[in-house]
$ cat work.txt   # compact mmCIF, C-alpha atoms
# COMPACT_ATOMS: atom_id res chain seq x y z
CA MET U 1 -5.37 -1.26 3.56
CA PRO U 2 -5.58 -0.23 -0.04
CA ALA U 3 -4.15 3.20 -0.75
CA LYS U 4 -6.62 5.91 -1.70
CA ASN U 5 -6.38 8.13 -4.76
CA ARG U 6 -3.84 10.88 -4.35
CA PRO U 7 -5.21 14.21 -3.06
CA LEU U 8 -3.76 16.25 -5.91
CA GLN U 9 -5.41 19.50 -4.91
CA ALA U 10 -3.82 19.41 -1.46
CA VAL U 11 -0.44 18.60 -2.97
CA MET U 12 -0.63 21.52 -5.36
CA MET U 13 -1.53 23.85 -2.49
CA ILE U 14 1.71 22.80 -0.81
CA LEU U 15 3.72 23.35 -3.95
CA ILE U 16 2.24 26.77 -4.70
CA SER U 17 2.84 27.86 -1.14
CA MET U 18 6.45 26.69 -1.40
CA VAL U 19 7.02 28.93 -4.38
CA LEU U 20 5.52 31.93 -2.59
CA THR U 21 7.27 31.44 0.73
CA SER U 22 10.45 29.51 -0.20
CA CYS U 23 9.84 27.49 2.92
CA TYR U 24 12.54 24.85 2.77
CA ALA U 25 13.96 25.95 6.11
CA GLY U 26 13.55 22.51 7.71
CA ASN U 27 12.51 23.75 11.15
CA GLY U 28 11.50 20.28 12.36
CA THR U 29 11.15 19.02 15.89
CA GLU U 30 14.48 18.06 17.48
CA TYR U 31 14.47 14.63 19.10
CA SER U 32 18.08 14.42 20.25
CA ASP U 33 19.29 15.83 23.56
CA ALA U 34 22.65 16.66 22.00
CA ALA U 35 22.79 20.06 20.31
CA PRO U 36 24.52 20.14 16.91
CA SER U 37 27.83 21.96 16.65
CA ALA U 38 28.05 25.29 14.83
CA GLU U 39 29.57 23.52 11.83
CA ALA U 40 26.98 20.73 11.74
CA VAL U 41 24.60 20.43 8.81
CA SER U 42 20.98 19.93 9.83
CA LEU U 43 18.34 18.08 7.78
CA SER U 44 14.69 17.74 8.70
CA PHE U 45 13.11 14.40 7.78
CA VAL U 46 9.38 13.61 7.87
CA TYR U 47 7.86 10.15 7.60
CA SER U 48 4.48 8.55 8.12
CA GLY U 49 3.99 7.72 11.80
CA GLY U 50 0.92 5.51 11.44
CA ASP U 51 2.67 2.30 12.55
CA PRO U 52 4.18 2.73 16.04
CA ASP U 53 6.59 -0.21 15.65
CA ARG U 54 7.90 1.11 12.36
CA SER U 55 8.13 4.65 13.76
CA GLN U 56 10.14 3.48 16.75
CA VAL U 57 12.71 1.75 14.55
CA MET U 58 12.95 4.76 12.24
CA GLN U 59 13.61 7.04 15.20
CA GLU U 60 16.22 4.67 16.58
CA ILE U 61 18.00 4.64 13.21
CA ALA U 62 18.02 8.44 13.12
CA ASP U 63 19.33 8.63 16.69
CA ALA U 64 22.09 6.10 15.93
CA PHE U 65 23.08 8.07 12.83
CA ASN U 66 23.28 11.32 14.80
CA ALA U 67 25.42 9.66 17.47
CA ASP U 68 27.89 8.46 14.82
CA HIS U 69 27.91 11.72 12.83
CA PRO U 70 28.56 14.73 15.08
CA ASP U 71 28.80 16.94 11.99
CA ILE U 72 25.25 16.05 10.87
CA ARG U 73 21.91 16.38 12.64
CA ILE U 74 18.89 14.47 11.27
CA GLN U 75 15.65 15.81 12.75
CA ALA U 76 13.33 12.82 12.32
CA ILE U 77 9.66 13.79 12.56
CA PRO U 78 6.84 11.20 12.41
CA SER U 79 3.45 12.42 11.26
CA SER U 80 1.23 13.12 14.25
CA ALA U 81 -2.20 11.78 15.16
CA GLY U 82 -5.33 13.81 14.59
CA VAL U 83 -4.68 14.58 10.92
CA SER U 84 -6.98 12.97 8.36
CA SER U 85 -4.16 11.94 6.00
CA TYR U 86 -0.41 12.02 5.61
CA GLU U 87 -0.78 14.55 2.78
CA ASP U 88 -2.77 16.79 5.13
CA TYR U 89 0.07 16.53 7.63
CA LEU U 90 2.58 17.66 4.99
CA GLN U 91 0.28 20.52 4.09
CA ASN U 92 0.10 21.59 7.74
CA LEU U 93 3.89 21.52 8.04
CA ASN U 94 4.16 23.70 4.99
CA ALA U 95 1.62 26.18 6.37
CA VAL U 96 3.87 26.85 9.37
CA GLY U 97 7.10 26.94 7.36
CA GLU U 98 8.40 23.52 8.37
CA PHE U 99 8.41 21.53 5.12
CA PRO U 100 11.32 19.06 5.44
CA ASP U 101 14.56 18.61 3.51
CA PHE U 102 13.75 14.98 2.76
CA LEU U 103 10.68 12.92 3.43
CA GLU U 104 8.61 9.85 2.81
CA LEU U 105 6.23 10.47 -0.08
CA LYS U 106 3.22 8.24 -0.65
CA ASP U 107 2.28 10.01 -3.87
CA PRO U 108 5.43 11.48 -5.39
CA GLU U 109 4.14 12.09 -8.92
CA PRO U 110 2.74 15.63 -8.43
CA TYR U 111 5.93 16.68 -6.63
CA ILE U 112 8.12 15.24 -9.37
CA LYS U 113 6.12 16.91 -12.13
CA ALA U 114 6.33 20.25 -10.31
CA GLY U 115 10.12 19.99 -10.02
CA PHE U 116 10.24 19.90 -6.22
CA ILE U 117 11.96 16.53 -5.97
CA ALA U 118 15.62 16.03 -6.87
CA PRO U 119 16.73 12.93 -8.79
CA MET U 120 17.91 10.23 -6.41
CA PRO U 121 21.73 10.14 -6.07
CA ASP U 122 23.44 7.29 -7.90
CA GLU U 123 24.98 6.09 -4.64
CA ILE U 124 21.47 5.22 -3.40
CA ILE U 125 20.12 3.89 -6.69
CA ASP U 126 22.99 1.39 -6.75
CA LEU U 127 21.74 -0.11 -3.46
CA LEU U 128 18.24 -0.88 -4.77
CA ASP U 129 17.20 -4.04 -6.56
CA HIS U 130 14.46 -2.61 -8.82
CA PRO U 131 14.20 1.17 -8.33
CA ALA U 132 11.03 2.66 -9.77
CA ARG U 133 11.59 5.08 -12.64
CA PHE U 134 9.54 8.07 -13.67
CA ASN U 135 10.10 9.02 -17.30
CA GLY U 136 13.42 7.20 -17.20
CA SER U 137 14.76 8.76 -13.98
CA VAL U 138 14.76 7.61 -10.35
CA TYR U 139 13.35 10.16 -7.92
CA THR U 140 12.44 8.00 -4.95
CA ALA U 141 13.93 5.17 -2.93
CA GLN U 142 11.31 2.67 -1.84
CA LEU U 143 11.41 2.03 1.90
CA ALA U 144 10.30 -1.59 1.65
CA SER U 145 8.17 -3.92 -0.43
CA SER U 146 4.76 -4.76 1.01
CA LEU U 147 3.80 -8.30 1.81
CA PRO U 148 0.91 -9.45 -0.40
CA TYR U 149 -2.77 -9.37 0.39
CA ALA U 150 -4.05 -12.84 1.18
CA ILE U 151 -6.97 -14.74 2.63
CA TYR U 152 -6.70 -15.33 6.37
CA TYR U 153 -8.86 -18.24 7.48
CA ASN U 154 -9.96 -19.63 10.79
CA LYS U 155 -8.68 -23.19 10.96
CA ASP U 156 -11.26 -24.16 13.57
CA VAL U 157 -14.06 -23.08 11.22
CA PHE U 158 -12.48 -25.06 8.39
CA GLN U 159 -12.31 -28.13 10.62
CA GLN U 160 -15.92 -27.68 11.69
CA ALA U 161 -16.94 -27.59 8.01
CA GLY U 162 -14.85 -30.66 7.20
CA ILE U 163 -12.33 -28.78 5.06
CA ALA U 164 -8.84 -30.32 5.13
CA GLU U 165 -7.02 -28.49 2.33
CA GLU U 166 -6.60 -24.97 1.01
CA PRO U 167 -8.04 -24.40 -2.48
CA ALA U 168 -5.87 -24.79 -5.58
CA THR U 169 -8.53 -23.57 -8.04
CA TRP U 170 -11.32 -21.00 -8.04
CA SER U 171 -13.95 -23.74 -8.14
CA GLU U 172 -12.39 -25.32 -5.05
CA PHE U 173 -12.56 -21.93 -3.33
CA LEU U 174 -16.27 -21.68 -4.11
CA ASP U 175 -16.76 -25.22 -2.79
CA ILE U 176 -15.11 -24.19 0.49
CA CYS U 177 -17.48 -21.23 0.71
CA ALA U 178 -20.48 -23.51 0.19
CA ARG U 179 -19.36 -25.95 2.88
CA ILE U 180 -18.74 -23.22 5.47
CA LYS U 181 -22.14 -21.72 4.73
CA ALA U 182 -23.73 -25.14 5.16
CA ALA U 183 -22.11 -25.30 8.61
CA GLY U 184 -24.05 -22.17 9.60
CA ILE U 185 -21.10 -19.75 9.50
CA SER U 186 -20.41 -16.81 7.17
CA PRO U 187 -17.78 -18.07 4.71
CA ILE U 188 -16.31 -14.56 4.13
CA VAL U 189 -16.37 -11.42 6.23
CA VAL U 190 -16.19 -8.03 4.49
CA GLY U 191 -15.87 -4.67 6.22
CA GLY U 192 -18.06 -2.91 3.68
CA ARG U 193 -19.03 0.02 5.88
CA GLU U 194 -15.67 1.52 4.92
CA VAL U 195 -15.93 1.51 1.16
CA TRP U 196 -12.18 1.29 0.62
CA HIS U 197 -12.29 -2.19 2.20
CA LEU U 198 -14.05 -3.43 -0.95
CA GLY U 199 -10.80 -2.55 -2.71
CA TYR U 200 -9.20 -5.73 -1.41
CA TRP U 201 -11.55 -7.84 -3.50
CA SER U 202 -11.90 -5.48 -6.47
CA ASN U 203 -8.10 -5.16 -6.72
CA PHE U 204 -7.84 -8.96 -6.72
CA PHE U 205 -10.20 -9.25 -9.67
CA PHE U 206 -8.64 -6.28 -11.48
CA GLY U 207 -5.28 -7.96 -11.01
CA THR U 208 -6.39 -11.30 -12.40
CA SER U 209 -8.40 -9.94 -15.34
CA MET U 210 -6.34 -6.85 -16.27
CA TYR U 211 -2.84 -6.35 -14.90
CA ALA U 212 -1.59 -9.96 -14.76
CA ASP U 213 -1.75 -10.14 -18.55
CA ASN U 214 -1.18 -6.45 -19.35
CA PRO U 215 0.77 -4.31 -16.85
CA ASN U 216 0.08 -1.32 -19.11
CA TRP U 217 -3.69 -1.75 -19.02
CA ASN U 218 -4.27 1.74 -17.59
CA ARG U 219 -2.29 3.36 -20.38
CA ASP U 220 -4.02 1.25 -23.03
CA ALA U 221 -7.42 2.13 -21.57
CA ALA U 222 -6.59 5.83 -21.92
CA ALA U 223 -5.83 5.11 -25.58
CA LYS U 224 -9.14 3.19 -25.85
CA GLN U 225 -7.33 0.00 -26.83
CA VAL U 226 -8.91 -1.92 -23.93
CA GLN U 227 -12.03 -1.30 -21.86
CA PHE U 228 -13.78 -2.40 -18.69
CA ALA U 229 -16.62 -3.83 -20.74
CA ASP U 230 -14.27 -6.47 -22.20
CA ALA U 231 -15.56 -9.98 -21.57
CA GLY U 232 -12.76 -11.05 -19.22
CA ILE U 233 -13.29 -8.14 -16.84
CA VAL U 234 -17.06 -8.57 -16.88
CA ARG U 235 -16.60 -12.20 -15.96
CA ALA U 236 -14.14 -11.38 -13.17
CA LEU U 237 -16.39 -8.77 -11.54
CA SER U 238 -19.32 -11.15 -11.96
CA ASP U 239 -17.28 -13.69 -9.97
CA MET U 240 -16.94 -11.08 -7.26
CA GLU U 241 -20.66 -10.38 -7.30
CA GLU U 242 -21.36 -14.12 -7.07
CA LEU U 243 -19.87 -14.18 -3.56
CA TRP U 244 -22.60 -11.75 -2.49
CA VAL U 245 -25.42 -13.31 -4.54
CA LYS U 246 -24.78 -16.74 -3.04
CA LYS U 247 -24.63 -15.15 0.43
CA TYR U 248 -21.06 -16.25 1.03
CA VAL U 249 -20.42 -12.80 2.54
CA ASN U 250 -21.56 -11.92 6.07
CA PRO U 251 -25.16 -10.59 6.04
CA GLY U 252 -24.20 -7.34 7.81
CA TRP U 253 -21.23 -6.58 5.55
CA LEU U 254 -22.59 -3.12 4.72
CA TYR U 255 -22.45 -2.15 8.41
CA THR U 256 -19.22 -3.98 9.29
CA THR U 257 -16.05 -1.92 9.76
CA ASP U 258 -12.58 -3.05 8.77
CA SER U 259 -11.63 -3.68 12.41
CA ASP U 260 -14.91 -5.54 12.97
CA SER U 261 -14.03 -7.89 10.13
CA ALA U 262 -10.85 -8.96 11.95
CA THR U 263 -12.90 -9.53 15.11
CA GLU U 264 -15.38 -11.77 13.27
CA LEU U 265 -12.56 -13.91 11.91
CA ALA U 266 -10.57 -14.08 15.15
CA ASN U 267 -13.62 -15.20 17.13
CA GLY U 268 -14.73 -17.83 14.61
CA ARG U 269 -17.90 -16.08 13.42
CA ALA U 270 -16.55 -16.07 9.86
CA GLY U 271 -14.35 -18.46 7.95
CA MET U 272 -12.21 -16.17 5.80
CA LEU U 273 -11.04 -12.57 5.48
CA TYR U 274 -9.21 -11.17 2.45
CA THR U 275 -6.96 -8.41 3.74
CA GLY U 276 -3.44 -7.03 4.15
CA PRO U 277 -0.69 -8.03 6.62
CA GLU U 278 -1.52 -5.14 8.95
CA ALA U 279 -4.59 -7.13 10.07
CA LEU U 280 -2.35 -9.64 11.86
CA LYS U 281 -1.81 -7.37 14.84
CA THR U 282 -5.54 -6.75 15.15
CA ILE U 283 -6.46 -10.44 14.89
CA TYR U 284 -4.06 -11.54 17.62
CA ARG U 285 -4.80 -8.57 19.85
CA ILE U 286 -8.46 -9.61 19.80
CA ASN U 287 -7.80 -13.31 20.28
CA PRO U 288 -4.21 -14.34 21.10
CA ASP U 289 -5.24 -17.98 20.72
CA ALA U 290 -6.84 -17.58 17.28
CA ASN U 291 -6.02 -20.56 15.07
CA ILE U 292 -5.36 -18.79 11.77
CA GLY U 293 -4.09 -20.05 8.42
CA ILE U 294 -3.34 -18.17 5.24
CA PHE U 295 -3.43 -18.68 1.47
CA ALA U 296 -3.42 -16.62 -1.70
CA PRO U 297 -6.68 -17.12 -3.59
CA PRO U 298 -6.27 -18.74 -7.02
CA ASP U 299 -7.89 -17.19 -10.07
CA ARG U 300 -9.91 -19.01 -12.72
CA LYS U 301 -6.67 -20.06 -14.46
CA GLY U 302 -5.24 -21.47 -11.24
CA ARG U 303 -2.69 -18.65 -11.03
CA ILE U 304 -1.59 -16.86 -7.88
CA VAL U 305 -1.80 -13.14 -8.65
CA ILE U 306 -0.48 -10.89 -5.88
CA ASN U 307 0.42 -7.26 -5.31
CA GLY U 308 4.16 -6.76 -4.95
CA SER U 309 5.94 -5.15 -7.90
CA GLU U 310 8.04 -2.01 -7.44
CA ARG U 311 6.32 1.21 -6.37
CA LEU U 312 7.08 4.88 -6.90
CA GLN U 313 6.49 5.94 -3.30
CA GLY U 314 9.44 6.18 -0.93
CA PHE U 315 12.15 8.50 0.34
CA ALA U 316 12.60 11.74 -1.61
CA LEU U 317 15.05 14.64 -1.39
CA THR U 318 13.66 18.10 -2.11
CA SER U 319 15.24 19.95 -5.00
CA GLU U 320 16.21 22.84 -2.73
CA ALA U 321 18.04 20.56 -0.29
CA GLY U 322 19.63 18.74 -3.21
CA LYS U 323 21.27 22.00 -4.34
CA ASP U 324 23.24 22.18 -1.08
CA PRO U 325 26.29 19.86 -1.42
CA ARG U 326 26.51 19.35 2.35
CA LYS U 327 22.83 18.41 2.69
CA ARG U 328 23.05 16.14 -0.32
CA SER U 329 26.08 14.35 1.16
CA ALA U 330 24.36 14.07 4.54
CA PHE U 331 21.26 12.59 2.90
CA ILE U 332 23.38 9.98 1.10
CA ALA U 333 25.12 9.06 4.34
CA PHE U 334 21.82 8.61 6.19
CA MET U 335 20.32 6.51 3.39
CA LYS U 336 23.36 4.25 3.32
CA LEU U 337 22.96 3.65 7.04
CA PHE U 338 19.22 3.01 6.68
CA TYR U 339 19.77 0.35 4.00
CA SER U 340 22.74 -1.25 5.79
CA PRO U 341 22.05 -4.83 6.96
CA GLU U 342 21.31 -4.49 10.66
CA PRO U 343 19.16 -1.31 10.72
CA TYR U 344 17.28 -2.26 7.57
CA LYS U 345 16.57 -5.76 8.78
CA ARG U 346 15.01 -4.30 11.93
CA TYR U 347 12.93 -1.89 9.86
CA ILE U 348 11.43 -4.47 7.49
CA GLN U 349 10.82 -6.86 10.38
CA ALA U 350 8.93 -4.19 12.34
CA GLY U 351 6.79 -3.35 9.33
CA HIS U 352 6.13 -6.96 8.21
CA ALA U 353 7.68 -6.07 4.87
CA LEU U 354 10.29 -7.25 2.36
CA SER U 355 13.66 -5.90 1.35
CA VAL U 356 14.07 -3.71 -1.75
CA THR U 357 17.88 -3.79 -1.69
CA LYS U 358 20.13 -5.87 -3.90
CA ASP U 359 21.13 -7.87 -0.83
CA ASN U 360 17.48 -8.99 -0.58
CA MET U 361 18.05 -9.71 3.09
CA GLU U 362 15.78 -12.04 5.01
CA TYR U 363 14.74 -11.97 8.65
CA GLU U 364 13.22 -14.24 11.23
CA ALA U 365 9.50 -13.52 11.38
CA VAL U 366 8.03 -13.28 14.87
CA ASN U 367 4.71 -14.63 13.59
CA PRO U 368 4.64 -17.84 11.47
CA LEU U 369 1.94 -16.28 9.30
CA VAL U 370 4.45 -13.64 8.23
CA GLU U 371 6.72 -16.47 7.12
CA GLU U 372 3.85 -17.82 5.03
CA LEU U 373 3.29 -14.39 3.47
CA ILE U 374 6.97 -14.19 2.62
CA ALA U 375 6.74 -17.63 1.02
CA ILE U 376 3.74 -16.50 -1.05
CA SER U 377 5.66 -13.42 -2.18
CA GLN U 378 8.70 -15.50 -3.13
CA ASN U 379 6.69 -18.11 -5.04
CA PRO U 380 8.40 -18.17 -8.46
CA HIS U 381 5.08 -18.93 -10.13
CA ALA U 382 3.23 -15.99 -8.58
CA VAL U 383 2.31 -13.15 -10.91
CA LYS U 384 3.09 -9.79 -9.29
CA VAL U 385 1.02 -6.74 -10.14
CA GLN U 386 0.36 -3.28 -8.80
CA LEU U 387 -2.91 -2.09 -7.33
CA MET U 388 -4.82 0.13 -9.76
CA GLN U 389 -3.97 3.36 -7.91
CA GLN U 390 -0.26 2.53 -7.62
CA TYR U 391 0.66 2.86 -11.28
CA TRP U 392 2.20 6.15 -12.36
CA ALA U 393 3.13 8.47 -15.25
CA SER U 394 1.41 7.44 -18.50
CA ASN U 395 0.12 4.32 -16.74
CA ALA U 396 -1.59 6.17 -13.87
CA ALA U 397 -5.28 5.68 -13.22
CA PRO U 398 -7.42 8.84 -13.56
CA GLU U 399 -7.68 11.01 -10.45
CA GLY U 400 -10.64 9.97 -8.30
CA PHE U 401 -11.66 7.02 -10.46
CA LEU U 402 -11.14 4.30 -7.87
CA ASP U 403 -13.11 6.16 -5.21
CA TRP U 404 -15.96 6.52 -7.69
CA PHE U 405 -15.79 2.86 -8.70
CA LEU U 406 -15.77 1.48 -5.14
CA GLY U 407 -18.76 3.62 -4.22
CA MET U 408 -20.67 2.33 -7.23
CA MET U 409 -19.55 -1.26 -6.60
CA GLN U 410 -20.80 -1.02 -3.03
CA TYR U 411 -24.22 0.02 -4.36
CA THR U 412 -24.26 -2.75 -6.96
CA LEU U 413 -23.43 -5.41 -4.37
CA ALA U 414 -26.05 -4.07 -1.96
CA THR U 415 -28.93 -3.55 -4.41
CA GLY U 416 -28.06 -5.25 -7.71
CA ARG U 417 -28.38 -1.87 -9.47
CA PRO U 418 -26.68 -1.07 -11.70
CA THR U 419 -25.79 -4.54 -12.91
CA VAL U 420 -22.13 -5.47 -13.19
CA GLU U 421 -22.32 -5.06 -16.97
CA GLN U 422 -23.89 -1.61 -16.63
CA LEU U 423 -21.37 -0.59 -13.97
CA LEU U 424 -18.44 -1.52 -16.18
CA GLN U 425 -19.93 0.38 -19.10
CA GLN U 426 -20.19 3.41 -16.81
CA ALA U 427 -16.59 2.76 -15.71
CA ASP U 428 -15.41 3.17 -19.30
CA GLU U 429 -17.26 6.47 -19.52
CA GLN U 430 -15.82 7.68 -16.22
CA TRP U 431 -12.30 6.61 -17.17
CA ALA U 432 -12.47 8.55 -20.43
CA LYS U 433 -14.08 11.59 -18.79
CA ARG U 434 -11.48 11.76 -16.01
CA ASN U 435 -8.64 11.26 -18.49
CA TYR U 436 -9.86 14.07 -20.71
CA LYS U 437 -7.66 17.14 -20.78
CA ASP U 438 -8.40 20.35 -22.65
$ encode --input "work.txt" --output "structure tokens"
Amino acid sequence: MPAKNRPLQAVMMILISMVLTSCYAGNGTEYSDAAPSAEAVSLSFVYSGGDPDRSQVMQEIADAFNADHPDIRIQAIPSSAGVSSYEDYLQNLNAVGEFPDFLELKDPEPYIKAGFIAPMPDEIIDLLDHPARFNGSVYTAQLASSLPYAIYYNKDVFQQAGIAEEPATWSEFLDICARIKAAGISPIVVGGREVWHLGYWSNFFFGTSMYADNPNWNRDAAAKQVQFADAGIVRALSDMEELWVKKYVNPGWLYTTDSDSATELANGRAGMLYTGPEALKTIYRINPDANIGIFAPPDRKGRIVINGSERLQGFALTSEAGKDPRKRSAFIAFMKLFYSPEPYKRYIQAGHALSVTKDNMEYEAVNPLVEELIAISQNPHAVKVQLMQQYWASNAAPEGFLDWFLGMMQYTLATGRPTVEQLLQQADEQWAKRNYKD
């Protein structure tokens, strides 16, 4: 699913509390039966536990490391259920004095700016293919590169509508929509009850009309060199609106959840779903026999524009832990094991992801659709962009802007008010207002 805007206020509460309590003790949960020796160095490590397959592999890697390093103890702690967000989980750990020595960060920028993250050791940077830099320095090591968003389609629905080929142009895509509608089936299913789901489509059109031609669009917008009201962006968002106006989207989209959208596709009540690779598990859990294909939608220029460039989020070592030579050395040793061929291959396979190391290792995908996603990602003609909320530093989107925009876009698609042109004019005003600093 698309990432939400970073909860900066919660992050700053963590950082302020750290200063007041100096709580870098690393009192994490111990998962190994073997007690560390008196001379052993112990590091607590927290990561997002949302994906059980990914969590299992991460824990196995930590256990294998501990078994091979009796002088080091990695306390691997996945985020627990029942917390509204990963940032909330970090905040809760901090409240009880258990903020870790190193961790997965989904929004590192506030931590970096506050000086709580140490620069990444050169030994780890040298393993990465394209490490993300913040003001010229590397602070994080990306865990993996996400597979691109794509359109999943029900092949049985396509056959019923007499469609034999995937579209190569935007006009061909619209023709496919018209033919599926004529067959009495919703061409596209959208889980619009959860407003973030609209971000799949809005990020596609932002990518094609903004970031594919100007990766620094966010920065230029802050300088008022570009704007949402520019003709190309108006046209792109009008193309998005057209899918609703022509009733190519399921009639109950406003009351359909993200998981419901996968159900509609899997059971043949809709022809297409634009989503991320995490939907695969849901689709085949609902209907193991679903006959699903996949393609990346072309833009008006016939280009394939996909998410997939380097990201700032990833592993991070706290500044306090980085000051301890033994902890720093232990962190480097663990990271080297994580990125070594066999463990890392298992990790990216479990997460349906791609390698970020210089080895650029490949793996055998369990699901053939994952192989197709990998092929889309490796297409030399594909233009890779970030999602709006994934840019950082001077190129970061204003705090809260995307949440505001998706809420307004939902209203526009449901009621036609404000118009797309009016919405984009308001977007320019909101962008400038949220970028304003005294």
$ residues_around --input "work.txt" --residues "region 321-326 of chain U" --least-positions-apart "2" --cutoff "7 Å" --atoms "only C-alpha atoms" --output "VMD selection string"
chain U and resid 41 101 118 317 to 319 328 to 330
$ closest_residue --input "work.txt" --among "U:Tyr339, U:Tyr152, U:Trp244, U:Tyr363" --to "Met272 (chain U)" --atoms "all atoms listed in the file"
U:Tyr152
$ closest_residue --input "work.txt" --among "U:Asn291, U:Asn307, U:Gln425, U:Thr263" --to "Gly276 (chain U)" --atoms "only C-alpha atoms"
U:Asn307
$ closest_residue --input "work.txt" --among "U:Val245, U:Met335, U:Val195, U:Ala397" --to "Gln410 (chain U)" --atoms "only C-alpha atoms"
U:Val195
$ residues_around --input "work.txt" --residues "Ala393 (chain U)" --least-positions-apart "4" --cutoff "10 Å" --atoms "all atoms listed in the file" --output "count of residues only"
9
$ closest_residue --input "work.txt" --among "U:Glu362, U:Ile286, U:Pro78, U:Val385" --to "Asp213 (chain U)" --atoms "all atoms listed in the file"
U:Val385
$ residues_near_point --input "work.txt" --point "(-4.8, -26.3, -0.1)" --cutoff "12 Å" --atoms "only C-alpha atoms" --output "PyMOL selection string"
chain U and resi 153+158+163-170+172-173+176+293-298
$ atom_distance --input "work.txt" --atom1 "CA of Asn92 (chain U)" --atom2 "CA of Gly351 (chain U)"
25.9 Å
$ closest_residue --input "work.txt" --among "U:Lys358, U:Lys433, U:His197, U:Lys345" --to "Val57 (chain U)" --atoms "all atoms listed in the file"
U:Lys345
$ residues_around --input "work.txt" --residues "Glu264 (chain U)" --least-positions-apart "5" --cutoff "8 Å" --atoms "all atoms listed in the file" --output "list in words"
Val189, Arg269 and Ala270 of chain U
